[in-house]
file structure.cif (mmCIF, C-alpha atoms)
data_query
loop_
_atom_site.label_atom_id
_atom_site.label_comp_id
_atom_site.auth_asym_id
_atom_site.auth_seq_id
_atom_site.Cartn_x
_atom_site.Cartn_y
_atom_site.Cartn_z
CA MET A 20 63.84 108.32 141.87
CA THR A 21 63.38 112.04 141.43
CA THR A 22 60.03 113.34 142.63
CA THR A 23 57.77 114.45 139.79
CA THR A 24 55.11 117.13 139.69
CA ASP A 25 51.90 116.97 137.70
CA THR A 26 51.59 119.54 134.94
CA SER A 27 48.48 121.59 134.36
CA SER A 28 47.63 119.63 131.21
CA ASP A 29 47.30 115.93 130.41
CA ALA A 30 48.27 116.60 126.78
CA THR A 31 51.44 115.03 125.39
CA PRO A 32 54.23 117.64 125.52
CA ALA A 33 55.52 118.93 122.19
CA LEU A 34 58.96 117.28 122.46
CA ASP A 35 57.81 114.00 123.99
CA GLY A 36 60.03 111.21 122.69
CA ILE A 37 63.05 113.43 121.99
CA ARG A 38 66.13 112.56 124.05
CA VAL A 39 68.61 115.35 124.75
CA ILE A 40 72.07 114.87 126.26
CA ASP A 41 73.05 117.96 128.25
CA LEU A 42 76.85 117.93 128.22
CA ALA A 43 77.09 121.57 129.21
CA THR A 44 77.91 123.59 132.31
CA VAL A 45 77.20 126.99 133.89
CA ILE A 46 74.17 128.78 132.32
CA MET A 47 73.96 128.90 128.51
CA GLY A 48 73.76 125.20 127.61
CA PRO A 49 71.89 124.11 130.75
CA TYR A 50 69.34 126.91 130.17
CA ALA A 51 68.76 125.74 126.60
CA CYS A 52 68.34 122.15 127.77
CA GLN A 53 65.99 123.25 130.56
CA ILE A 54 63.72 124.82 127.95
CA LEU A 55 63.83 121.67 125.83
CA GLY A 56 62.97 119.70 128.97
CA ASP A 57 60.10 122.04 129.80
CA LEU A 58 58.75 121.34 126.31
CA GLY A 59 58.75 117.61 126.99
CA ALA A 60 62.16 116.30 125.96
CA ASP A 61 63.86 113.59 128.02
CA VAL A 62 66.98 115.51 129.11
CA ILE A 63 69.89 113.58 130.56
CA LYS A 64 72.56 115.78 132.12
CA ILE A 65 76.01 114.20 132.11
CA GLU A 66 78.09 115.68 134.92
CA SER A 67 81.61 115.14 136.15
CA PRO A 68 82.08 113.66 139.64
CA ALA A 69 82.50 117.25 140.92
CA GLY A 70 79.22 118.31 139.32
CA ASP A 71 78.33 121.46 137.44
CA VAL A 72 79.69 124.50 139.29
CA MET A 73 76.20 126.04 139.35
CA ARG A 74 75.15 123.36 141.83
CA ARG A 75 77.29 125.08 144.46
CA LEU A 76 76.29 128.70 143.85
CA HIS A 77 73.86 130.33 146.33
CA ARG A 78 73.11 127.20 148.37
CA ARG A 79 70.73 127.28 151.29
CA THR A 80 72.66 124.56 153.14
CA PRO A 81 76.32 123.52 152.84
CA ASP A 82 75.44 120.32 150.95
CA GLY A 83 72.35 121.62 149.19
CA ILE A 84 71.57 122.47 145.59
CA GLY A 85 72.33 126.02 144.45
CA ALA A 86 69.57 128.46 143.57
CA LEU A 87 70.39 128.59 139.84
CA ALA A 88 70.64 124.81 139.56
CA LEU A 89 67.16 124.29 141.03
CA ASN A 90 65.57 125.80 137.93
CA LEU A 91 68.30 125.23 135.33
CA ASN A 92 68.25 121.49 136.00
CA ARG A 93 64.54 120.84 136.36
CA ASN A 94 63.03 118.26 134.01
CA LYS A 95 66.42 116.55 133.75
CA ARG A 96 68.04 113.38 135.00
CA SER A 97 71.59 113.50 136.35
CA VAL A 98 74.20 110.94 135.32
CA VAL A 99 77.72 111.21 136.72
CA LEU A 100 80.49 110.00 134.42
CA ASP A 101 84.20 110.69 134.45
CA LEU A 102 84.89 111.23 130.76
CA LYS A 103 88.64 110.97 131.38
CA THR A 104 88.31 107.26 132.19
CA PRO A 105 87.73 104.65 129.47
CA ALA A 106 84.62 103.29 131.19
CA GLY A 107 83.13 106.73 131.75
CA ARG A 108 83.76 107.82 128.19
CA GLN A 109 82.27 104.58 126.83
CA ALA A 110 79.16 105.03 128.94
CA ALA A 111 78.82 108.56 127.57
CA LEU A 112 79.16 107.24 124.02
CA ASP A 113 76.53 104.60 124.72
CA LEU A 114 74.12 107.25 125.99
CA ILE A 115 74.81 109.60 123.09
CA GLY A 116 74.10 106.70 120.77
CA THR A 117 70.49 106.69 122.03
CA ALA A 118 70.05 110.47 121.77
CA ASP A 119 68.38 112.77 119.29
CA VAL A 120 70.27 115.87 120.46
CA LEU A 121 73.60 116.60 122.13
CA VAL A 122 74.28 120.09 123.54
CA THR A 123 77.79 120.91 124.74
CA ASN A 124 79.77 124.05 125.54
CA MET A 125 83.12 122.27 125.73
CA ARG A 126 85.82 124.05 123.78
CA PRO A 127 86.98 122.45 120.52
CA ARG A 128 90.33 121.31 121.94
CA ALA A 129 88.63 119.45 124.80
CA LEU A 130 86.11 117.81 122.45
CA ARG A 131 88.94 116.59 120.20
CA LYS A 132 90.91 115.28 123.17
CA LEU A 133 87.91 113.32 124.44
CA GLY A 134 86.91 112.06 121.00
CA LEU A 135 83.54 113.79 121.23
CA THR A 136 83.52 115.91 118.07
CA TYR A 137 80.66 115.65 115.60
CA GLN A 138 82.85 113.58 113.31
CA ASP A 139 83.57 111.17 116.17
CA LEU A 140 79.87 110.63 116.88
CA ALA A 141 77.98 111.05 113.62
CA GLU A 142 78.93 107.71 112.06
CA ALA A 143 77.55 105.75 115.02
CA ASN A 144 74.46 107.98 115.30
CA PRO A 145 73.80 109.67 111.94
CA ARG A 146 70.45 111.03 113.20
CA LEU A 147 72.15 113.00 115.98
CA VAL A 148 71.65 116.76 116.11
CA TYR A 149 74.97 117.86 117.58
CA CYS A 150 75.08 121.39 118.98
CA ASN A 151 78.37 122.85 120.16
CA ALA A 152 78.10 126.35 121.61
CA GLN A 153 81.26 128.01 122.85
CA GLY A 154 82.57 131.55 122.99
CA PHE A 155 84.05 131.88 119.52
CA ARG A 156 83.79 130.15 116.14
CA THR A 157 85.72 126.91 115.81
CA ASP A 158 87.54 128.32 112.76
CA SER A 159 88.71 131.47 114.58
CA LYS A 160 91.96 132.08 116.44
CA ALA A 161 89.92 132.50 119.64
CA ALA A 162 88.19 129.11 119.34
CA ASP A 163 89.70 127.79 122.57
CA TYR A 164 89.64 131.03 124.56
CA ALA A 165 87.83 131.00 127.87
CA ALA A 166 84.57 132.90 127.37
CA TYR A 167 82.15 133.95 130.06
CA ASP A 168 79.21 136.30 129.70
CA GLU A 169 81.18 139.49 130.37
CA ALA A 170 83.75 138.67 127.69
CA LEU A 171 81.00 138.21 125.12
CA GLN A 172 79.30 141.44 126.13
CA ALA A 173 82.62 143.16 125.46
CA ALA A 174 83.30 141.36 122.18
CA SER A 175 79.82 141.99 120.77
CA GLY A 176 79.66 145.77 121.31
CA MET A 177 77.25 145.60 124.23
CA VAL A 178 79.78 147.21 126.58
CA ASP A 179 80.42 149.92 123.98
CA LEU A 180 76.71 150.76 124.04
CA MET A 181 76.79 151.07 127.83
CA ASN A 182 79.86 153.30 127.55
CA ARG A 183 78.13 155.57 125.03
CA VAL A 184 75.15 156.03 127.35
CA THR A 185 76.77 156.14 130.79
CA GLY A 186 80.36 157.15 130.06
CA ARG A 187 81.53 153.96 131.75
CA PRO A 188 82.21 150.53 130.17
CA TYR A 189 79.63 148.76 132.32
CA TYR A 190 78.42 145.23 131.73
CA VAL A 191 74.66 144.82 131.47
CA PRO A 192 73.82 143.46 134.97
CA THR A 193 72.38 140.17 133.79
CA THR A 194 73.95 137.17 132.07
CA LEU A 195 72.63 138.48 128.78
CA ALA A 196 74.97 136.59 126.45
CA ASP A 197 74.38 133.28 128.20
CA LYS A 198 70.63 133.61 127.99
CA VAL A 199 70.38 135.00 124.45
CA CYS A 200 72.70 132.26 123.22
CA GLY A 201 70.74 129.66 125.19
CA LEU A 202 67.58 130.73 123.36
CA THR A 203 69.50 130.62 120.08
CA ILE A 204 70.54 127.03 120.83
CA VAL A 205 66.91 126.10 121.31
CA TYR A 206 65.65 127.45 117.99
CA ALA A 207 68.70 126.12 116.13
CA VAL A 208 68.21 122.63 117.57
CA LEU A 209 64.50 122.67 116.79
CA ALA A 210 65.27 123.72 113.19
CA ALA A 211 67.74 120.86 112.85
CA LEU A 212 65.20 118.39 114.24
CA LEU A 213 62.64 119.65 111.73
CA GLY A 214 65.19 119.24 108.97
CA ARG A 215 65.84 115.68 110.11
CA GLN A 216 62.17 114.88 109.56
CA ARG A 217 62.71 115.60 105.86
CA THR A 218 66.15 114.10 105.33
CA GLY A 219 66.44 111.44 108.03
CA ARG A 220 69.87 112.84 108.93
CA GLY A 221 71.10 114.85 111.85
CA GLN A 222 73.66 117.60 111.52
CA ARG A 223 76.18 119.70 113.39
CA VAL A 224 74.87 123.00 114.74
CA GLU A 225 77.36 125.60 115.93
CA VAL A 226 76.27 128.55 118.06
CA PRO A 227 79.32 130.78 118.63
CA MET A 228 78.43 133.23 121.37
CA ALA A 229 80.43 136.15 119.94
CA ASP A 230 78.75 135.91 116.54
CA THR A 231 75.33 135.44 118.11
CA MET A 232 75.66 138.47 120.35
CA PHE A 233 77.19 140.60 117.60
CA ALA A 234 74.20 139.87 115.35
CA PHE A 235 71.84 140.50 118.28
CA THR A 236 73.41 143.88 119.02
CA LEU A 237 73.41 145.03 115.39
CA VAL A 238 69.71 144.39 114.75
CA GLU A 239 68.94 148.04 115.51
CA HIS A 240 72.39 149.47 116.21
CA LEU A 241 73.97 148.91 112.79
CA GLY A 242 72.20 152.16 111.90
CA GLY A 243 73.65 154.14 109.03
CA ARG A 244 76.45 151.62 108.62
CA ALA A 245 73.90 149.30 107.02
CA PHE A 246 74.61 151.17 103.79
CA GLU A 247 77.80 151.18 101.75
CA PRO A 248 79.14 153.78 101.82
CA PRO A 249 77.75 154.55 105.29
CA ALA A 250 74.76 156.88 105.37
CA GLY A 251 75.29 157.75 109.03
CA PRO A 252 76.75 156.53 112.33
CA VAL A 253 76.04 153.29 114.12
CA GLY A 254 73.49 153.32 116.92
CA PHE A 255 69.75 153.38 117.42
CA PRO A 256 68.95 156.98 118.37
CA ARG A 257 66.01 156.24 120.65
CA SER A 258 68.00 153.83 122.81
CA LEU A 259 71.09 156.04 122.96
CA ALA A 260 69.31 159.35 123.57
CA PRO A 261 70.11 161.15 126.85
CA GLY A 262 67.38 160.59 129.40
CA HIS A 263 66.23 157.27 127.91
CA GLU A 264 65.30 155.84 131.29
CA ALA A 265 62.37 155.16 133.56
CA PHE A 266 60.81 158.27 135.12
CA SER A 267 59.97 159.12 138.71
CA THR A 268 56.30 159.27 139.62
CA LYS A 269 54.67 160.71 142.73
CA ASP A 270 55.10 157.40 144.53
CA GLY A 271 57.64 155.37 142.57
CA GLN A 272 59.14 154.86 139.14
CA ALA A 273 57.71 153.73 135.82
CA CYS A 274 58.36 153.35 132.13
CA ILE A 275 56.22 156.10 130.59
CA LEU A 276 57.20 156.24 126.95
CA PRO A 277 55.28 158.51 124.57
CA TYR A 278 56.48 156.78 121.43
CA THR A 279 54.89 158.84 118.70
CA HIS A 280 54.29 162.53 118.12
CA GLY A 281 50.62 161.92 118.92
CA ASN A 282 51.52 160.12 122.16
CA ALA A 283 53.64 163.10 123.21
CA ALA A 284 50.86 165.55 122.37
CA ASP A 285 48.43 163.56 124.51
CA PHE A 286 50.95 163.45 127.37
CA PHE A 287 51.57 167.20 127.52
CA ALA A 288 47.87 167.98 127.13
CA PHE A 289 47.18 165.72 130.12
CA VAL A 290 49.70 167.52 132.33
CA GLY A 291 48.31 170.91 131.27
CA HIS A 292 51.22 172.04 129.12
CA PRO A 293 50.25 171.49 125.48
CA GLU A 294 52.53 174.36 124.50
CA VAL A 295 55.55 172.09 124.99
CA MET A 296 54.68 170.40 121.71
CA GLU A 297 55.21 173.64 119.84
CA ARG A 298 58.91 172.76 120.01
CA PHE A 299 58.47 169.35 118.38
CA THR A 300 57.19 169.00 114.84
CA PRO A 301 56.38 165.52 113.48
CA GLU A 302 59.54 165.85 111.39
CA SER A 303 61.88 166.90 114.22
CA PHE A 304 60.31 164.72 116.93
CA ARG A 305 62.66 161.73 116.61
CA ASP A 306 65.77 163.90 116.23
CA ARG A 307 65.25 165.67 119.57
CA LEU A 308 64.47 162.73 121.87
CA GLY A 309 66.87 163.86 124.60
CA GLU A 310 65.04 167.18 124.85
CA LEU A 311 61.69 165.39 124.80
CA TYR A 312 62.69 162.99 127.60
CA GLU A 313 63.91 165.91 129.72
CA ALA A 314 60.53 167.62 129.33
CA ILE A 315 58.59 164.44 130.14
CA GLY A 316 60.66 163.89 133.29
CA ARG A 317 59.63 167.29 134.67
CA TYR A 318 55.95 166.28 134.77
CA THR A 319 55.81 162.56 135.62
CA PRO A 320 56.26 163.24 139.38
CA LEU A 321 52.90 165.08 139.36
CA ARG A 322 50.91 161.82 139.24
CA THR A 323 51.06 158.48 141.01
CA THR A 324 52.13 155.33 139.21
CA ALA A 325 48.53 154.09 139.25
CA GLU A 326 47.28 157.33 137.71
CA TRP A 327 49.88 157.09 134.96
CA GLU A 328 48.86 153.51 134.26
CA VAL A 329 45.24 154.56 133.70
CA PHE A 330 46.22 157.46 131.46
CA CYS A 331 48.73 155.50 129.40
CA SER A 332 46.40 152.54 128.87
CA GLU A 333 43.67 154.89 127.63
CA HIS A 334 46.03 156.57 125.15
CA SER A 335 48.06 153.53 124.00
CA ILE A 336 51.27 154.88 125.52
CA PRO A 337 53.78 152.17 126.50
CA PHE A 338 53.76 151.88 130.28
CA ALA A 339 54.98 149.57 133.04
CA PRO A 340 55.82 150.18 136.68
CA VAL A 341 59.44 149.53 137.60
CA MET A 342 59.38 146.18 139.32
CA ASN A 343 61.50 145.81 142.45
CA LEU A 344 62.90 142.29 142.12
CA ASP A 345 62.42 141.78 145.84
CA HIS A 346 58.73 141.67 145.00
CA ALA A 347 58.99 139.74 141.75
CA GLY A 348 55.82 137.90 140.88
CA GLU A 349 53.55 139.91 143.16
CA HIS A 350 52.21 142.26 140.48
CA ASP A 351 48.87 141.40 138.96
CA TYR A 352 50.44 141.52 135.49
CA TRP A 353 51.50 137.93 136.19
CA SER A 354 48.69 135.39 136.49
CA GLU A 355 48.77 133.80 139.93
CA GLY A 356 51.17 130.89 140.15
CA HIS A 357 52.21 131.13 136.49
CA MET A 358 55.61 132.83 136.60
CA LEU A 359 56.67 132.14 140.19
CA ASP A 360 55.10 129.09 141.74
CA VAL A 361 56.15 127.69 145.13
CA GLN A 362 56.74 123.95 144.97
CA ARG A 363 58.36 121.36 147.23
CA HIS A 364 61.66 119.83 146.19
CA PRO A 365 62.21 116.34 147.63
CA HIS A 366 65.56 117.32 149.15
CA GLU A 367 65.55 121.13 149.33
CA GLY A 368 62.04 121.79 150.61
CA LEU A 369 60.01 124.74 149.35
CA TYR A 370 61.42 126.77 146.48
CA ARG A 371 60.20 129.09 143.75
CA VAL A 372 59.85 127.67 140.26
CA ILE A 373 60.40 130.15 137.43
CA GLY A 374 57.48 129.56 135.10
CA ASN A 375 57.69 128.66 131.45
CA PRO A 376 56.60 131.84 129.63
CA VAL A 377 55.50 129.93 126.52
CA ARG A 378 51.88 128.80 126.65
CA LEU A 379 50.94 126.09 124.17
CA SER A 380 47.29 125.14 123.93
CA ASP A 381 48.31 121.46 123.96
CA GLY A 382 50.33 122.02 127.14
CA SER A 383 53.37 124.27 127.48
CA GLY A 384 55.06 121.97 129.95
CA GLY A 385 55.59 122.31 133.67
CA VAL A 386 57.90 120.72 136.22
CA ARG A 387 57.71 116.98 135.67
CA ARG A 388 60.96 116.45 137.55
CA HIS A 389 62.62 118.62 140.15
CA CYS A 390 66.36 119.21 139.88
CA PRO A 391 68.03 115.88 140.70
CA GLU A 392 70.82 115.31 143.16
CA LEU A 393 74.24 114.90 141.55
CA GLY A 394 74.34 111.47 139.92
CA GLU A 395 70.91 110.53 141.25
CA ASP A 396 69.86 108.82 138.03
CA THR A 397 73.14 107.23 136.91
CA ASP A 398 72.15 103.62 137.49
CA SER A 399 68.54 103.92 136.36
CA VAL A 400 69.44 105.70 133.10
CA LEU A 401 72.24 103.31 132.20
CA SER A 402 70.03 100.35 133.06
CA GLU A 403 67.51 101.64 130.54
CA ILE A 404 70.08 101.28 127.75
CA GLY A 405 71.06 97.76 128.78
CA TYR A 406 73.75 98.09 131.42
CA THR A 407 73.75 95.09 133.76
CA PRO A 408 74.33 95.32 137.51
CA GLU A 409 77.79 93.89 136.92
CA GLN A 410 78.60 96.59 134.34
CA LEU A 411 77.36 99.30 136.68
CA ALA A 412 79.48 97.94 139.50
CA ALA A 413 82.53 97.93 137.21
CA LEU A 414 81.80 101.50 136.15
CA HIS A 415 81.64 102.67 139.76
CA ALA A 416 84.76 100.72 140.65
CA ASP A 417 86.60 102.51 137.85
CA ALA A 418 86.08 105.78 139.73
CA PRO A 419 85.87 105.15 143.51
CA GLY A 420 83.66 107.52 145.42
CA ARG A 421 81.60 108.55 142.44
CA PRO A 422 77.89 108.87 143.18
CA GLY A 423 75.79 106.03 141.82
#

call {"tool": "encode", "arguments": {"input": "structure.cif", "output": "structure tokens"}}
result
Amino acid sequence: MTTTTDTSSDATPALDGIRVIDLATVIMGPYACQILGDLGADVIKIESPAGDVMRRLHRRTPDGIGALALNLNRNKRSVVLDLKTPAGRQAALDLIGTADVLVTNMRPRALRKLGLTYQDLAEANPRLVYCNAQGFRTDSKAADYAAYDEALQAASGMVDLMNRVTGRPYYVPTTLADKVCGLTIVYAVLAALLGRQRTGRGQRVEVPMADTMFAFTLVEHLGGRAFEPPAGPVGFPRSLAPGHEAFSTKDGQACILPYTHGNAADFFAFVGHPEVMERFTPESFRDRLGELYEAIGRYTPLRTTAEWEVFCSEHSIPFAPVMNLDHAGEHDYWSEGHMLDVQRHPHEGLYRVIGNPVRLSDGSGGVRRHCPELGEDTDSVLSEIGYTPEQLAALHADAPGRPG
């Protein structure tokens, strides 16, 4: 049995009693299901005999659990089933029949081949909230295209933004699409569960990554193209302005962002050059941001990061030191043990748990279960839904060597 960890609250978690089947791999779907698990859902991760590829990425030991998997698969139970065998597929159907939510990132063609589309499952479990989240809409020509984070950054205009700013078609150096779409899965699933309370019926929820990221990008960058005919170009001027970057201080780097005309006036008065503001009227201020940033950057090295923090806090100027990720969690902005807590995994030893940023007064949820070994919970989970020892033995015999 997977070792559990007490949470900081004895309150019943928000999603207690909700069963989620995590039939997803890599980051997007598992991240969404991790969040649902953090909030109290019973998450059962169905994995192939080879396991999710993230289990093998950045391992400490040759047979250990990868760094991403340690957090992505917390508060889950692992069941290994070979969906290509009749017995494995039937066991999956039996589990899905007990579930409130199914999350999968399988492509439409694979779901049809396995008989795991919403239409295949809804009749047997009409209360099921079925979420399929793949790269492109199921009714598009790209529905079955392979889609990883970089492809969605390109398709959504994110790479174009980087090209406009840097002159190079860089990818944002984080799995932005995976994580934004993972968060989108969570709110979409919660909305469908809330709808089920009214109607008694589940529904199919589709989260196409390309559409999600396109909408995400256009929130501020649709710009003048929001009007028909267009009233101006696309793009959010503040974000695309030259020099829109963190500034050097006397002893480091920081975000020092005089956001308003008044903020800028306070800044230049503080550095002893109020005359700079003679060049920026309240009307022209936002049209000359590149020039403003260049002027700010000349004076930020005159003070230490700590001095800028004091000044900015006193004048309501957005400020944050640039965190070196090698020292993540050490800054006093994070309450001790909240965002990076060291815990002991039953197989991996000490590791850092990425905290749940949401804080609910009735208990935001902590690590009730550490990431399980591949297939660690297969027998116990299937036993819960009525599988006998003989049925379990037959299931394992159908796929020799599969973890039990």

call {"tool": "residues_around", "arguments": {"input": "structure.cif", "residues": "Val226 (chain A)", "least_positions_apart": "6", "cutoff": "9 Å", "atoms": "only C-alpha atoms", "output": "list of chain:residue names"}}
result
A:Cys150, A:Asn151, A:Ala152, A:Gln153, A:Gly154, A:Phe155, A:Arg156, A:Cys200, A:Thr203, A:Ile204, A:Ala207

call {"tool": "write_last_selection", "arguments": {"input": "structure.cif", "atoms": "C-alpha atoms", "output": "PDB file, in the coordinates of the input"}}
result
ATOM      1  CA  CYS A 150      75.080 121.390 118.980  1.00  0.00           C
ATOM      2  CA  ASN A 151      78.370 122.850 120.160  1.00  0.00           C
ATOM      3  CA  ALA A 152      78.100 126.350 121.610  1.00  0.00           C
ATOM      4  CA  GLN A 153      81.260 128.010 122.850  1.00  0.00           C
ATOM      5  CA  GLY A 154      82.570 131.550 122.990  1.00  0.00           C
ATOM      6  CA  PHE A 155      84.050 131.880 119.520  1.00  0.00           C
ATOM      7  CA  ARG A 156      83.790 130.150 116.140  1.00  0.00           C
ATOM      8  CA  CYS A 200      72.700 132.260 123.220  1.00  0.00           C
ATOM      9  CA  THR A 203      69.500 130.620 120.080  1.00  0.00           C
ATOM     10  CA  ILE A 204      70.540 127.030 120.830  1.00  0.00           C
ATOM     11  CA  ALA A 207      68.700 126.120 116.130  1.00  0.00           C
TER      12      ALA A 207
END

call {"tool": "residues_near_point", "arguments": {"input": "structure.cif", "point": "(53.3, 155.1, 132.4)", "cutoff": "10 Å", "atoms": "all atoms listed in the file", "output": "ChimeraX atom specification"}}
result
/A:265-266,268,272-277,319,322-332,336-341

call {"tool": "residues_around", "arguments": {"input": "structure.cif", "residues": "region 240-254 of chain A", "least_positions_apart": "6", "cutoff": "12 Å", "atoms": "all atoms listed in the file", "output": "number ranges by chain"}}
result
A: 175-177, 179-181, 183-184, 233-234, 260

call {"tool": "write_last_selection", "arguments": {"input": "structure.cif", "atoms": "C-alpha atoms", "output": "PDB file, in the frame of the given file"}}
result
ATOM      1  CA  SER A 175      79.820 141.990 120.770  1.00  0.00           C
ATOM      2  CA  GLY A 176      79.660 145.770 121.310  1.00  0.00           C
ATOM      3  CA  MET A 177      77.250 145.600 124.230  1.00  0.00           C
ATOM      4  CA  ASP A 179      80.420 149.920 123.980  1.00  0.00           C
ATOM      5  CA  LEU A 180      76.710 150.760 124.040  1.00  0.00           C
ATOM      6  CA  MET A 181      76.790 151.070 127.830  1.00  0.00           C
ATOM      7  CA  ARG A 183      78.130 155.570 125.030  1.00  0.00           C
ATOM      8  CA  VAL A 184      75.150 156.030 127.350  1.00  0.00           C
ATOM      9  CA  PHE A 233      77.190 140.600 117.600  1.00  0.00           C
ATOM     10  CA  ALA A 234      74.200 139.870 115.350  1.00  0.00           C
ATOM     11  CA  ALA A 260      69.310 159.350 123.570  1.00  0.00           C
TER      12      ALA A 260
END

call {"tool": "closest_residue", "arguments": {"input": "structure.cif", "among": "A:Pro49, A:Gly281, A:Gly316, A:Gly36", "to": "Phe299 (chain A)", "atoms": "all atoms listed in the file"}}
result
A:Gly281

call {"tool": "closest_residue", "arguments": {"input": "structure.cif", "among": "A:Arg215, A:Thr397, A:Leu311, A:Leu379", "to": "Arg96 (chain A)", "atoms": "only C-alpha atoms"}}
result
A:Thr397

call {"tool": "residues_around", "arguments": {"input": "structure.cif", "residues": "Leu133 (chain A)", "least_positions_apart": "6", "cutoff": "12 Å", "atoms": "only C-alpha atoms", "output": "MDAnalysis selection string"}}
result
chainID A and resid 101:105 107:109 111:112 125:127 139:140

call {"tool": "closest_residue", "arguments": {"input": "structure.cif", "among": "A:Phe289, A:Gly394, A:Thr117, A:Thr218", "to": "Glu333 (chain A)", "atoms": "all atoms listed in the file"}}
result
A:Phe289

call {"tool": "resolve_selection", "arguments": {"input": "structure.cif", "expression": "the PyMOL selection byres ((chain A and resi 51-60) around 8)", "output": "ChimeraX atom specification"}}
result
/A:31-39,41,47-50,61-62,90-95,122,201-202,204-205,375,383-386

call {"tool": "residues_around", "arguments": {"input": "structure.cif", "residues": "region 290-293 of chain A", "least_positions_apart": "3", "cutoff": "10 Å", "atoms": "only C-alpha atoms", "output": "list in words"}}
result
Ala283, Ala284, Asp285, Phe286, Phe287, Met296, Glu297, Ile315, Tyr318, Thr319, Leu321 and Arg322 of chain A

call {"tool": "resolve_selection", "arguments": {"input": "structure.cif", "expression": "the PyMOL selection byres ((chain A and resi 166) around 12)", "output": "PyMOL selection string"}}
result
chain A and resi 45+47+124-126+152-156+161-165+167-174+196-197+227-229

call {"tool": "closest_residue", "arguments": {"input": "structure.cif", "among": "A:Leu237, A:Met232, A:Leu308, A:Ile404", "to": "Arg257 (chain A)", "atoms": "only C-alpha atoms"}}
result
A:Leu308

call {"tool": "atom_distance", "arguments": {"input": "structure.cif", "atom1": "CA of Ala88 (chain A)", "atom2": "CA of Arg74 (chain A)"}}
result
5.3 Å

call {"tool": "closest_residue", "arguments": {"input": "structure.cif", "among": "A:Gly186, A:Ala210, A:Ser97, A:Leu42", "to": "Arg388 (chain A)", "atoms": "only C-alpha atoms"}}
result
A:Ser97

call {"tool": "residues_near_point", "arguments": {"input": "structure.cif", "point": "(43.4, 123.6, 123.5)", "cutoff": "10 Å", "atoms": "all atoms listed in the file", "output": "number ranges by chain"}}
result
A: 28, 30, 379-382

call {"tool": "resolve_selection", "arguments": {"input": "structure.cif", "expression": "the PyMOL selection byres ((chain A and resi 75) around 12)", "output": "list in words"}}
result
Val45, Ala69, Gly70, Asp71, Val72, Met73, Arg74, Leu76, His77, Arg78, Arg79, Thr80, Pro81, Asp82, Gly83, Ile84, Gly85, Ala86, Leu87, Ala88, Leu89, Glu392 and Leu393 of chain A

call {"tool": "write_last_selection", "arguments": {"input": "structure.cif", "atoms": "C-alpha atoms", "output": "PDB file, in the coordinates of the input"}}
result
ATOM      1  CA  VAL A  45      77.200 126.990 133.890  1.00  0.00           C
ATOM      2  CA  ALA A  69      82.500 117.250 140.920  1.00  0.00           C
ATOM      3  CA  GLY A  70      79.220 118.310 139.320  1.00  0.00           C
ATOM      4  CA  ASP A  71      78.330 121.460 137.440  1.00  0.00           C
ATOM      5  CA  VAL A  72      79.690 124.500 139.290  1.00  0.00           C
ATOM      6  CA  MET A  73      76.200 126.040 139.350  1.00  0.00           C
ATOM      7  CA  ARG A  74      75.150 123.360 141.830  1.00  0.00           C
ATOM      8  CA  LEU A  76      76.290 128.700 143.850  1.00  0.00           C
ATOM      9  CA  HIS A  77      73.860 130.330 146.330  1.00  0.00           C
ATOM     10  CA  ARG A  78      73.110 127.200 148.370  1.00  0.00           C
ATOM     11  CA  ARG A  79      70.730 127.280 151.290  1.00  0.00           C
ATOM     12  CA  THR A  80      72.660 124.560 153.140  1.00  0.00           C
ATOM     13  CA  PRO A  81      76.320 123.520 152.840  1.00  0.00           C
ATOM     14  CA  ASP A  82      75.440 120.320 150.950  1.00  0.00           C
ATOM     15  CA  GLY A  83      72.350 121.620 149.190  1.00  0.00           C
ATOM     16  CA  ILE A  84      71.570 122.470 145.590  1.00  0.00           C
ATOM     17  CA  GLY A  85      72.330 126.020 144.450  1.00  0.00           C
ATOM     18  CA  ALA A  86      69.570 128.460 143.570  1.00  0.00           C
ATOM     19  CA  LEU A  87      70.390 128.590 139.840  1.00  0.00           C
ATOM     20  CA  ALA A  88      70.640 124.810 139.560  1.00  0.00           C
ATOM     21  CA  LEU A  89      67.160 124.290 141.030  1.00  0.00           C
ATOM     22  CA  GLU A 392      70.820 115.310 143.160  1.00  0.00           C
ATOM     23  CA  LEU A 393      74.240 114.900 141.550  1.00  0.00           C
TER      24      LEU A 393
END

call {"tool": "atom_distance", "arguments": {"input": "structure.cif", "atom1": "CA of Ser399 (chain A)", "atom2": "CA of Leu411 (chain A)"}}
result
10.0 Å

call {"tool": "build_atoms", "arguments": {"input": "structure.cif", "residues": "region 385-389 of chain A", "atoms": "N, CA and C atoms", "output": "PDB file, in the frame of the given file"}}
result
ATOM      1  N   GLY A 385      55.300 121.833 132.334  1.00  0.00           N
ATOM      2  CA  GLY A 385      55.590 122.310 133.670  1.00  0.00           C
ATOM      3  C   GLY A 385      56.737 121.506 134.247  1.00  0.00           C
ATOM      4  N   VAL A 386      56.823 121.459 135.559  1.00  0.00           N
ATOM      5  CA  VAL A 386      57.900 120.720 136.220  1.00  0.00           C
ATOM      6  C   VAL A 386      57.450 119.270 136.374  1.00  0.00           C
ATOM      7  N   ARG A 387      57.969 118.415 135.528  1.00  0.00           N
ATOM      8  CA  ARG A 387      57.710 116.980 135.670  1.00  0.00           C
ATOM      9  C   ARG A 387      58.709 116.358 136.639  1.00  0.00           C
ATOM     10  N   ARG A 388      59.903 116.934 136.663  1.00  0.00           N
ATOM     11  CA  ARG A 388      60.960 116.450 137.550  1.00  0.00           C
ATOM     12  C   ARG A 388      61.641 117.651 138.197  1.00  0.00           C
ATOM     13  N   HIS A 389      61.819 117.598 139.484  1.00  0.00           N
ATOM     14  CA  HIS A 389      62.620 118.620 140.150  1.00  0.00           C
ATOM     15  C   HIS A 389      64.099 118.354 139.874  1.00  0.00           C
TER      16      HIS A 389
END
